[in-house]
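Here is model-v2.pdb, consisting of PDB, C-alpha atoms, pLDDT in the B column:
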```
ATOM      1  CA  ALA A 159      -3.818  40.278  -3.134  1.00 83.00           C
ATOM      2  CA  GLU A 160      -6.181  37.539  -4.368  1.00 88.00           C
ATOM      3  CA  PRO A 161      -4.016  36.440  -7.371  1.00 90.00           C
ATOM      4  CA  ARG A 162      -0.913  36.287  -5.175  1.00 91.00           C
ATOM      5  CA  TYR A 163      -2.574  34.172  -2.495  1.00 89.00           C
ATOM      6  CA  ARG A 164      -4.189  32.005  -5.171  1.00 89.00           C
ATOM      7  CA  MET A 165      -0.747  31.312  -6.616  1.00 91.00           C
ATOM      8  CA  LEU A 166       0.599  30.351  -3.164  1.00 89.00           C
ATOM      9  CA  PHE A 167      -2.423  28.099  -2.624  1.00 89.00           C
ATOM     10  CA  ASP A 168      -2.158  26.356  -5.990  1.00 90.00           C
ATOM     11  CA  GLU A 169       1.613  25.980  -6.221  1.00 91.00           C
ATOM     12  CA  SER A 170       2.350  24.863  -2.663  1.00 91.00           C
ATOM     13  CA  PRO A 171       3.791  21.321  -2.393  1.00 91.00           C
ATOM     14  CA  VAL A 172       1.555  20.875   0.668  1.00 93.00           C
ATOM     15  CA  MET A 173      -1.984  19.682  -0.072  1.00 95.00           C
ATOM     16  CA  TYR A 174      -4.510  22.450   0.657  1.00 94.00           C
ATOM     17  CA  LEU A 175      -8.283  22.286   0.503  1.00 93.00           C
ATOM     18  CA  THR A 176     -11.264  24.184   1.833  1.00 92.00           C
ATOM     19  CA  THR A 177     -14.461  22.464   2.948  1.00 91.00           C
ATOM     20  CA  ARG A 178     -18.006  23.537   3.713  1.00 91.00           C
ATOM     21  CA  ASN A 179     -19.829  22.101   6.697  1.00 85.00           C
ATOM     22  CA  VAL A 180     -23.056  20.518   5.419  1.00 86.00           C
ATOM     23  CA  GLU A 181     -24.986  18.874   8.257  1.00 80.00           C
ATOM     24  CA  GLY A 182     -21.777  17.800   9.931  1.00 76.00           C
ATOM     25  CA  THR A 183     -20.144  16.531   6.724  1.00 83.00           C
ATOM     26  CA  PRO A 184     -17.059  18.241   5.240  1.00 86.00           C
ATOM     27  CA  ILE A 185     -17.803  18.941   1.560  1.00 93.00           C
ATOM     28  CA  ILE A 186     -14.818  19.896  -0.602  1.00 95.00           C
ATOM     29  CA  GLU A 187     -15.175  23.417  -1.918  1.00 94.00           C
ATOM     30  CA  ASP A 188     -11.717  23.973  -3.382  1.00 94.00           C
ATOM     31  CA  CYS A 189      -8.322  22.274  -3.451  1.00 95.00           C
ATOM     32  CA  ASN A 190      -4.868  22.913  -4.841  1.00 95.00           C
ATOM     33  CA  LYS A 191      -2.778  21.185  -7.498  1.00 95.00           C
ATOM     34  CA  ALA A 192      -0.783  19.157  -4.948  1.00 95.00           C
ATOM     35  CA  PHE A 193      -3.969  17.520  -3.659  1.00 96.00           C
ATOM     36  CA  LEU A 194      -5.151  16.685  -7.180  1.00 96.00           C
ATOM     37  CA  ASP A 195      -1.765  15.413  -8.360  1.00 95.00           C
ATOM     38  CA  THR A 196      -1.206  13.281  -5.269  1.00 95.00           C
ATOM     39  CA  LEU A 197      -4.575  11.573  -5.590  1.00 95.00           C
ATOM     40  CA  GLY A 198      -4.620  11.485  -9.400  1.00 95.00           C
ATOM     41  CA  TYR A 199      -7.953  13.266  -9.823  1.00 95.00           C
ATOM     42  CA  GLY A 200      -9.157  16.237 -11.835  1.00 94.00           C
ATOM     43  CA  ARG A 201     -10.706  19.253 -10.123  1.00 92.00           C
ATOM     44  CA  ALA A 202     -14.181  18.359 -11.406  1.00 93.00           C
ATOM     45  CA  ASP A 203     -13.856  14.911  -9.832  1.00 93.00           C
ATOM     46  CA  VAL A 204     -13.260  16.391  -6.390  1.00 94.00           C
ATOM     47  CA  ALA A 205     -15.270  19.601  -5.964  1.00 92.00           C
ATOM     48  CA  GLY A 206     -18.602  19.141  -4.209  1.00 94.00           C
ATOM     49  CA  ARG A 207     -17.828  15.680  -2.861  1.00 94.00           C
ATOM     50  CA  PRO A 208     -17.505  14.746   0.820  1.00 93.00           C
ATOM     51  CA  LEU A 209     -13.882  14.707   1.926  1.00 91.00           C
ATOM     52  CA  THR A 210     -14.526  11.297   3.445  1.00 90.00           C
ATOM     53  CA  ASP A 211     -15.003   9.901  -0.092  1.00 94.00           C
ATOM     54  CA  PHE A 212     -11.216  10.027  -0.334  1.00 95.00           C
ATOM     55  CA  TYR A 213     -10.521   8.489   3.089  1.00 93.00           C
ATOM     56  CA  THR A 214      -9.931   4.874   3.995  1.00 93.00           C
ATOM     57  CA  ALA A 215     -12.614   3.229   6.119  1.00 90.00           C
ATOM     58  CA  ASP A 216     -10.395   3.599   9.188  1.00 88.00           C
ATOM     59  CA  SER A 217      -9.934   7.344   8.633  1.00 88.00           C
ATOM     60  CA  CYS A 218     -13.683   7.764   8.035  1.00 87.00           C
ATOM     61  CA  ALA A 219     -14.296   6.151  11.416  1.00 84.00           C
ATOM     62  CA  LYS A 220     -11.912   8.615  13.064  1.00 80.00           C
ATOM     63  CA  VAL A 221     -13.843  11.510  11.522  1.00 76.00           C
ATOM     64  CA  ARG A 222     -17.130  10.068  12.786  1.00 73.00           C
ATOM     65  CA  ASP A 223     -15.574   9.646  16.221  1.00 67.00           C
ATOM     66  CA  GLY A 224     -15.099  13.395  16.515  1.00 65.00           C
ATOM     67  CA  GLY A 225     -12.189  14.461  14.290  1.00 59.00           C
ATOM     68  CA  TYR A 226     -14.286  16.837  12.187  1.00 62.00           C
ATOM     69  CA  ARG A 227     -16.267  18.092  15.170  1.00 63.00           C
ATOM     70  CA  ARG A 228     -13.018  19.053  16.899  1.00 65.00           C
ATOM     71  CA  ALA A 229     -11.979  20.912  13.751  1.00 61.00           C
ATOM     72  CA  LEU A 230     -15.226  22.895  13.730  1.00 59.00           C
ATOM     73  CA  GLU A 231     -14.668  23.755  17.378  1.00 63.00           C
ATOM     74  CA  GLY A 232     -11.206  25.048  16.614  1.00 58.00           C
ATOM     75  CA  ARG A 233      -9.497  22.085  18.300  1.00 59.00           C
ATOM     76  CA  PHE A 234      -7.983  20.452  15.223  1.00 61.00           C
ATOM     77  CA  ASP A 235      -4.692  18.954  16.368  1.00 66.00           C
ATOM     78  CA  VAL A 236      -2.289  17.281  13.946  1.00 75.00           C
ATOM     79  CA  GLU A 237      -3.859  13.923  13.173  1.00 84.00           C
ATOM     80  CA  GLU A 238      -2.766  11.114  10.891  1.00 89.00           C
ATOM     81  CA  ARG A 239      -5.177  10.166   8.113  1.00 91.00           C
ATOM     82  CA  GLN A 240      -5.114   7.861   5.087  1.00 94.00           C
ATOM     83  CA  LEU A 241      -6.207   9.101   1.668  1.00 95.00           C
ATOM     84  CA  VAL A 242      -7.020   6.751  -1.210  1.00 94.00           C
ATOM     85  CA  ALA A 243      -5.684   7.781  -4.626  1.00 94.00           C
ATOM     86  CA  HIS A 244      -7.542   7.153  -7.886  1.00 93.00           C
ATOM     87  CA  ASP A 245      -5.435   4.038  -8.553  1.00 89.00           C
ATOM     88  CA  GLY A 246      -6.148   2.610  -5.102  1.00 89.00           C
ATOM     89  CA  THR A 247      -2.826   3.613  -3.544  1.00 89.00           C
ATOM     90  CA  VAL A 248      -3.114   4.571   0.126  1.00 92.00           C
ATOM     91  CA  ILE A 249      -1.450   7.898   0.978  1.00 94.00           C
ATOM     92  CA  GLU A 250      -0.439   8.493   4.589  1.00 94.00           C
ATOM     93  CA  VAL A 251      -0.885  12.146   5.577  1.00 95.00           C
ATOM     94  CA  ALA A 252      -0.535  14.423   8.594  1.00 93.00           C
ATOM     95  CA  ALA A 253      -3.740  16.479   8.640  1.00 89.00           C
ATOM     96  CA  ARG A 254      -4.129  19.968  10.058  1.00 87.00           C
ATOM     97  CA  GLY A 255      -7.146  22.237   9.976  1.00 82.00           C
ATOM     98  CA  LYS A 256      -8.389  25.716  10.862  1.00 83.00           C
ATOM     99  CA  PRO A 257     -12.084  26.601  11.216  1.00 82.00           C
ATOM    100  CA  GLU A 258     -13.615  29.265   8.958  1.00 84.00           C
ATOM    101  CA  ASN A 259     -16.242  31.549  10.476  1.00 81.00           C
ATOM    102  CA  ASP A 260     -18.990  33.616   8.892  1.00 83.00           C
ATOM    103  CA  ALA A 261     -19.877  37.218   9.860  1.00 85.00           C
ATOM    104  CA  GLN A 262     -21.891  35.990  12.851  1.00 82.00           C
ATOM    105  CA  GLY A 263     -18.974  33.921  14.127  1.00 77.00           C
ATOM    106  CA  ARG A 264     -20.494  30.571  13.188  1.00 79.00           C
ATOM    107  CA  VAL A 265     -18.147  27.879  11.910  1.00 78.00           C
ATOM    108  CA  VAL A 266     -19.099  27.155   8.307  1.00 84.00           C
ATOM    109  CA  GLY A 267     -16.099  25.173   7.123  1.00 85.00           C
ATOM    110  CA  THR A 268     -12.396  24.537   7.423  1.00 86.00           C
ATOM    111  CA  LEU A 269      -9.113  25.189   5.713  1.00 88.00           C
ATOM    112  CA  ALA A 270      -7.248  21.882   5.829  1.00 89.00           C
ATOM    113  CA  THR A 271      -3.695  20.928   4.938  1.00 91.00           C
ATOM    114  CA  PHE A 272      -2.329  17.449   4.320  1.00 93.00           C
ATOM    115  CA  SER A 273       1.395  16.677   4.409  1.00 94.00           C
ATOM    116  CA  ASN A 274       2.396  13.465   2.643  1.00 95.00           C
ATOM    117  CA  ILE A 275       4.192  11.281   5.208  1.00 94.00           C
ATOM    118  CA  THR A 276       3.900   7.989   3.298  1.00 92.00           C
ATOM    119  CA  LYS A 277       7.654   7.501   2.883  1.00 93.00           C
ATOM    120  CA  LEU A 278       8.245   8.367   6.530  1.00 93.00           C
ATOM    121  CA  LYS A 279       5.643   5.813   7.667  1.00 90.00           C
ATOM    122  CA  GLN A 280       7.078   3.159   5.337  1.00 89.00           C
ATOM    123  CA  ALA A 281      10.573   3.805   6.680  1.00 92.00           C
ATOM    124  CA  GLU A 282       9.270   3.475  10.249  1.00 92.00           C
ATOM    125  CA  ILE A 283       7.624   0.147   9.408  1.00 89.00           C
ATOM    126  CA  LYS A 284      10.784  -1.209   7.752  1.00 90.00           C
ATOM    127  CA  GLU A 285      12.978  -0.106  10.643  1.00 94.00           C
ATOM    128  CA  ARG A 286      10.623  -1.614  13.222  1.00 92.00           C
ATOM    129  CA  LEU A 287      10.316  -4.859  11.240  1.00 92.00           C
ATOM    130  CA  ALA A 288      14.093  -5.210  10.872  1.00 93.00           C
ATOM    131  CA  ARG A 289      14.568  -4.576  14.584  1.00 94.00           C
ATOM    132  CA  ASP A 290      11.881  -7.102  15.554  1.00 92.00           C
ATOM    133  CA  VAL A 291      13.273  -9.764  13.193  1.00 92.00           C
ATOM    134  CA  LEU A 292      16.794  -9.366  14.589  1.00 92.00           C
ATOM    135  CA  ASP A 293      15.419  -9.556  18.122  1.00 92.00           C
ATOM    136  CA  LEU A 294      13.568 -12.769  17.251  1.00 89.00           C
ATOM    137  CA  LEU A 295      16.661 -14.356  15.715  1.00 89.00           C
ATOM    138  CA  ASN A 296      18.727 -13.486  18.775  1.00 89.00           C
ATOM    139  CA  ARG A 297      16.182 -14.944  21.190  1.00 88.00           C
ATOM    140  CA  SER A 298      15.004 -18.018  19.290  1.00 83.00           C
ATOM    141  CA  ARG A 299      16.673 -21.396  19.664  1.00 85.00           C
ATOM    142  CA  ASP A 300      14.484 -23.234  17.163  1.00 87.00           C
ATOM    143  CA  GLN A 301      14.726 -22.427  13.449  1.00 85.00           C
ATOM    144  CA  THR A 302      11.173 -23.468  12.623  1.00 87.00           C
ATOM    145  CA  ASP A 303       9.692 -21.412  15.442  1.00 88.00           C
ATOM    146  CA  ALA A 304      11.796 -18.420  14.381  1.00 89.00           C
ATOM    147  CA  VAL A 305      10.626 -18.623  10.762  1.00 89.00           C
ATOM    148  CA  ARG A 306       7.009 -18.992  11.880  1.00 89.00           C
ATOM    149  CA  ALA A 307       7.301 -15.901  14.083  1.00 91.00           C
ATOM    150  CA  ILE A 308       9.048 -13.915  11.336  1.00 91.00           C
ATOM    151  CA  LEU A 309       6.290 -14.731   8.837  1.00 91.00           C
ATOM    152  CA  LYS A 310       3.719 -13.470  11.332  1.00 91.00           C
ATOM    153  CA  LEU A 311       5.739 -10.274  11.852  1.00 91.00           C
ATOM    154  CA  ILE A 312       5.967  -9.629   8.104  1.00 89.00           C
ATOM    155  CA  LYS A 313       2.272 -10.251   7.607  1.00 90.00           C
ATOM    156  CA  ASN A 314       1.169  -8.019  10.478  1.00 88.00           C
ATOM    157  CA  SER A 315       3.565  -5.147   9.780  1.00 86.00           C
ATOM    158  CA  THR A 316       2.905  -4.929   6.023  1.00 82.00           C
ATOM    159  CA  GLY A 317      -0.818  -5.629   6.023  1.00 80.00           C
ATOM    160  CA  VAL A 318      -0.558  -8.337   3.339  1.00 84.00           C
ATOM    161  CA  GLU A 319      -3.090 -11.165   3.521  1.00 88.00           C
ATOM    162  CA  ALA A 320      -0.669 -14.049   3.042  1.00 91.00           C
ATOM    163  CA  VAL A 321       3.059 -14.703   3.125  1.00 92.00           C
ATOM    164  CA  GLY A 322       5.195 -17.776   2.506  1.00 91.00           C
ATOM    165  CA  ILE A 323       8.835 -18.835   2.375  1.00 91.00           C
ATOM    166  CA  ARG A 324      10.258 -21.350  -0.110  1.00 91.00           C
ATOM    167  CA  LEU A 325      13.490 -23.180   0.704  1.00 90.00           C
ATOM    168  CA  ARG A 326      15.522 -25.213  -1.741  1.00 91.00           C
ATOM    169  CA  GLU A 327      15.158 -28.973  -1.416  1.00 91.00           C
ATOM    170  CA  GLY A 328      17.262 -30.776  -3.995  1.00 91.00           C
ATOM    171  CA  ASP A 329      16.275 -29.269  -7.350  1.00 91.00           C
ATOM    172  CA  ASP A 330      12.932 -27.962  -6.155  1.00 92.00           C
ATOM    173  CA  PHE A 331      11.764 -25.073  -3.946  1.00 92.00           C
ATOM    174  CA  PRO A 332       8.766 -26.244  -1.887  1.00 92.00           C
ATOM    175  CA  TYR A 333       7.068 -23.989   0.627  1.00 92.00           C
ATOM    176  CA  PHE A 334       8.872 -24.283   3.952  1.00 92.00           C
ATOM    177  CA  MET A 335       6.152 -22.386   5.783  1.00 92.00           C
ATOM    178  CA  THR A 336       3.150 -20.204   4.986  1.00 93.00           C
ATOM    179  CA  ASN A 337       0.783 -17.880   6.825  1.00 92.00           C
ATOM    180  CA  GLY A 338      -2.587 -16.971   5.335  1.00 92.00           C
ATOM    181  CA  LEU A 339      -2.386 -19.163   2.208  1.00 92.00           C
ATOM    182  CA  PRO A 340      -5.211 -21.731   1.850  1.00 94.00           C
ATOM    183  CA  ASP A 341      -4.112 -25.328   2.416  1.00 93.00           C
ATOM    184  CA  GLU A 342      -5.422 -26.375  -1.006  1.00 94.00           C
ATOM    185  CA  PHE A 343      -3.349 -23.677  -2.716  1.00 91.00           C
ATOM    186  CA  VAL A 344      -0.197 -24.702  -0.844  1.00 92.00           C
ATOM    187  CA  ARG A 345      -0.792 -28.341  -1.768  1.00 91.00           C
ATOM    188  CA  LYS A 346      -1.186 -27.567  -5.483  1.00 89.00           C
ATOM    189  CA  GLU A 347       1.464 -24.862  -5.785  1.00 89.00           C
ATOM    190  CA  SER A 348       4.128 -26.061  -3.376  1.00 88.00           C
ATOM    191  CA  ARG A 349       6.465 -27.526  -6.002  1.00 88.00           C
ATOM    192  CA  LEU A 350       7.963 -25.374  -8.750  1.00 91.00           C
ATOM    193  CA  CYS A 351       9.643 -28.032 -10.909  1.00 92.00           C
ATOM    194  CA  ALA A 352       7.790 -29.025 -14.068  1.00 89.00           C
ATOM    195  CA  ARG A 353       7.303 -32.781 -14.275  1.00 89.00           C
ATOM    196  CA  ASP A 354       6.578 -35.170 -17.129  1.00 89.00           C
ATOM    197  CA  THR A 355       3.802 -37.754 -17.218  1.00 89.00           C
ATOM    198  CA  ALA A 356       6.013 -40.177 -15.292  1.00 89.00           C
ATOM    199  CA  GLY A 357       6.457 -37.611 -12.510  1.00 85.00           C
ATOM    200  CA  LYS A 358      10.134 -36.979 -13.282  1.00 90.00           C
ATOM    201  CA  ILE A 359      11.566 -33.455 -13.178  1.00 90.00           C
ATOM    202  CA  MET A 360      11.831 -31.871 -16.634  1.00 92.00           C
ATOM    203  CA  ARG A 361      15.145 -30.238 -17.537  1.00 91.00           C
ATOM    204  CA  ASP A 362      16.312 -27.733 -20.130  1.00 87.00           C
ATOM    205  CA  THR A 363      19.098 -28.246 -22.653  1.00 88.00           C
ATOM    206  CA  GLN A 364      21.726 -27.378 -20.014  1.00 87.00           C
ATOM    207  CA  GLY A 365      20.300 -29.950 -17.612  1.00 88.00           C
ATOM    208  CA  ASN A 366      18.791 -27.380 -15.257  1.00 87.00           C
ATOM    209  CA  PRO A 367      15.352 -28.165 -13.814  1.00 90.00           C
ATOM    210  CA  VAL A 368      12.497 -26.268 -15.450  1.00 89.00           C
ATOM    211  CA  LEU A 369      10.926 -24.082 -12.764  1.00 90.00           C
ATOM    212  CA  GLU A 370       7.363 -22.964 -13.391  1.00 86.00           C
ATOM    213  CA  CYS A 371       5.204 -20.160 -12.015  1.00 84.00           C
ATOM    214  CA  MET A 372       6.300 -16.569 -11.379  1.00 85.00           C
ATOM    215  CA  CYS A 373       8.338 -17.781  -8.393  1.00 88.00           C
ATOM    216  CA  GLY A 374      10.348 -19.886 -10.826  1.00 89.00           C
ATOM    217  CA  ASN A 375      10.953 -16.854 -13.043  1.00 87.00           C
ATOM    218  CA  VAL A 376      12.264 -14.824 -10.098  1.00 90.00           C
ATOM    219  CA  ILE A 377      14.478 -17.636  -8.772  1.00 89.00           C
ATOM    220  CA  CYS A 378      15.991 -18.233 -12.225  1.00 86.00           C
ATOM    221  CA  GLY A 379      16.449 -14.539 -12.934  1.00 87.00           C
ATOM    222  CA  ARG A 380      13.986 -14.591 -15.840  1.00 85.00           C
ATOM    223  CA  THR A 381      12.924 -11.018 -15.137  1.00 87.00           C
ATOM    224  CA  ASN A 382      12.939  -7.864 -17.217  1.00 86.00           C
ATOM    225  CA  PRO A 383      12.793  -4.484 -15.425  1.00 86.00           C
ATOM    226  CA  ALA A 384      11.374  -2.970 -18.622  1.00 86.00           C
ATOM    227  CA  ARG A 385       8.157  -4.831 -17.799  1.00 86.00           C
ATOM    228  CA  THR A 386       6.014  -2.902 -15.345  1.00 84.00           C
ATOM    229  CA  PHE A 387       5.423  -5.958 -13.152  1.00 88.00           C
ATOM    230  CA  PHE A 388       9.138  -6.547 -12.424  1.00 89.00           C
ATOM    231  CA  SER A 389      11.180  -4.371 -10.080  1.00 90.00           C
ATOM    232  CA  LYS A 390      14.736  -3.295 -10.895  1.00 89.00           C
ATOM    233  CA  ALA A 391      15.984  -5.745  -8.256  1.00 90.00           C
ATOM    234  CA  GLY A 392      14.257  -8.660  -9.994  1.00 90.00           C
ATOM    235  CA  SER A 393      11.155  -9.200  -7.875  1.00 92.00           C
ATOM    236  CA  PHE A 394       7.602  -9.453  -9.184  1.00 91.00           C
ATOM    237  CA  TRP A 395       4.594  -7.436  -8.049  1.00 88.00           C
ATOM    238  CA  THR A 396       1.042  -6.686  -9.127  1.00 85.00           C
ATOM    239  CA  ASN A 397      -1.954  -5.030  -7.524  1.00 80.00           C
ATOM    240  CA  SER A 398      -4.347  -7.183  -9.566  1.00 82.00           C
ATOM    241  CA  THR A 399      -3.508 -10.618 -10.930  1.00 83.00           C
ATOM    242  CA  THR A 400      -6.788 -10.579 -12.867  1.00 87.00           C
ATOM    243  CA  ALA A 401      -5.825  -7.354 -14.655  1.00 85.00           C
ATOM    244  CA  LEU A 402      -2.282  -8.619 -15.289  1.00 85.00           C
ATOM    245  CA  LEU A 403      -3.478 -11.855 -16.894  1.00 86.00           C
ATOM    246  CA  ALA A 404      -5.997  -9.978 -19.032  1.00 88.00           C
ATOM    247  CA  SER A 405      -3.441  -7.448 -20.323  1.00 86.00           C
ATOM    248  CA  THR A 406      -0.439  -9.725 -20.986  1.00 84.00           C
ATOM    249  CA  SER A 407       0.382 -12.904 -22.853  1.00 85.00           C
ATOM    250  CA  GLU A 408       2.154 -15.965 -21.474  1.00 79.00           C
ATOM    251  CA  GLN A 409       5.242 -14.839 -23.417  1.00 78.00           C
ATOM    252  CA  ASP A 410       5.094 -11.409 -21.727  1.00 77.00           C
ATOM    253  CA  ARG A 411       4.943 -12.980 -18.304  1.00 74.00           C
ATOM    254  CA  GLN A 412       7.812 -15.362 -18.991  1.00 68.00           C
ATOM    255  CA  ALA A 413       9.843 -12.312 -20.122  1.00 60.00           C
TER     256      ALA A 413
END
```
Please re-express this file's structure in structure tokens.
Amino acid sequence: AEPRYRMLFDESPVMYLTTRNVEGTPIIEDCNKAFLDTLGYGRADVAGRPLTDFYTADSCAKVRDGGYRRALEGRFDVEERQLVAHDGTVIEVAARGKPENDAQGRVVGTLATFSNITKLKQAEIKERLARDVLDLLNRSRDQTDAVRAILKLIKNSTGVEAVGIRLREGDDFPYFMTNGLPDEFVRKESRLCARDTAGKIMRDTQGNPVLECMCGNVICGRTNPARTFFSKAGSFWTNSTTALLASTSEQDRQA
């Protein structure tokens, strides 16, 4: 039966892995293809390493607070954990486990399963954010206060470090409000219009103001979904500005 069970283990869309208990630390003994593919690692990169190497700091703390001990005692309830993929992506999972005993009945490890619930968690966040924003708009009588509260909601619910809103003012798009952006940055980057030495707005051959920066590209529709840093809807994203600047030219970024 070994080949048949091995096939079920390897080909299951659910992430399976077995661990060995080494002085209270779960060491990965084996894992299936779903686990490797989801995290973007090879089998040699995973085997023999502590499972917590692939956890976020918050999930590691939960393990230290008794999650793994409960698993060894046979009390492993469904618990949410966060795995970190090779590219830095955080994967939300529902973790389950079953203790493995030796001939003397001692718990020597666990069989663990992880179900990818990332999309479900993202959908929950979006739904909650939309509901909270609508509630704010219905209750608020002051536009500025509403925008300030919405920025805080977006920042807290998404986990981003900074968020800002630009509103059109004449030909330019200065920041209307920010949360988390340094004052010096806002002062230098607030305006998008390119200006000549006399301080006048520069215009193209059609008389349109020349908008600089990536915000200017997005506002003007100068985006190309064939470039990896533009979405199909025309927004811009990157996980590392340093890496983006090092791997592209100014012409690439202007698309």
A:Phe331: which residues within 9 Å, counting all atoms listed in the file, same-chain residues fewer than 4 positions away excluded, as a ChimeraX atom specification? /A:324-327,348-351,369,374
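Coordinates place atom CA of A:Thr399 at a distance of 15.4 Å from atom CA of A:Phe343.
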In file coordinates, which residues lie within 8 Å of (-19.8, 16.1, 6.6) using all atoms listed in the file, given as a PyMOL selection string? chain A and resi 179-185+208-210+226
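Going from atom CA of A:Lys346 over to atom CA of A:Glu370, you cover 12.5 Å.
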Expansion of the PyMOL selection byres ((chain A and resi 270-281) around 10) into residues, as a PyMOL selection string: chain A and resi 171-177+189+192-193+196+229+234+236-241+248-257+267-269+282-287+316
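Between A:Thr302 and the residues A:Asn314, A:Thr336, A:Ser405, A:Asn375, the shortest atom-to-atom distance, using only C-alpha atoms, involves A:Thr336.
For the choices A:Arg222, A:Arg201, A:Arg207, A:Arg380, the atom-to-atom distance to A:Arg178 is smallest for A:Arg207 when using all atoms listed in the file.
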One-decimal distance in Å that lies between atom CA of A:Tyr333 and atom CA of A:Leu309: 12.4 Å
Which residues are close to A:Arg385, i.e. within 12 Å by all atoms listed in the file, leaving aside same-chain residues fewer than 3 positions away? Reply as a PyMOL selection string. chain A and resi 380-382+388-390+392-396+402+406+409-413
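The smallest atom-to-atom distance between A:Lys191 and any of A:Glu169, A:Asp203, A:Leu403, A:Val221, using all atoms listed in the file, is found for A:Glu169.
With only C-alpha atoms as the basis for measurement, A:Asp329 is the residue among A:Ala261, A:Asp329, A:Glu342, A:Gly317 that approaches A:Met360 most closely.
Within 7 Å of the point (2.5, -19.3, -0.1), counting all atoms listed in the file, the protein and nucleic acid residues come to Ala320, Val321, Gly322, Ile323, Tyr333, Thr336, Leu339 and Val344 of chain A.
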Box for stretch 261-280 of chain A: with edges along x, y and z, all listed atoms inside and 8 Å added on each side, what are the centre and edge lengths in Å to one decimal, as JSON?
```
{"center_x": -6.8, "center_y": 20.2, "center_z": 8.4, "size_x": 46.1, "size_y": 50.1, "size_z": 27.5}
```
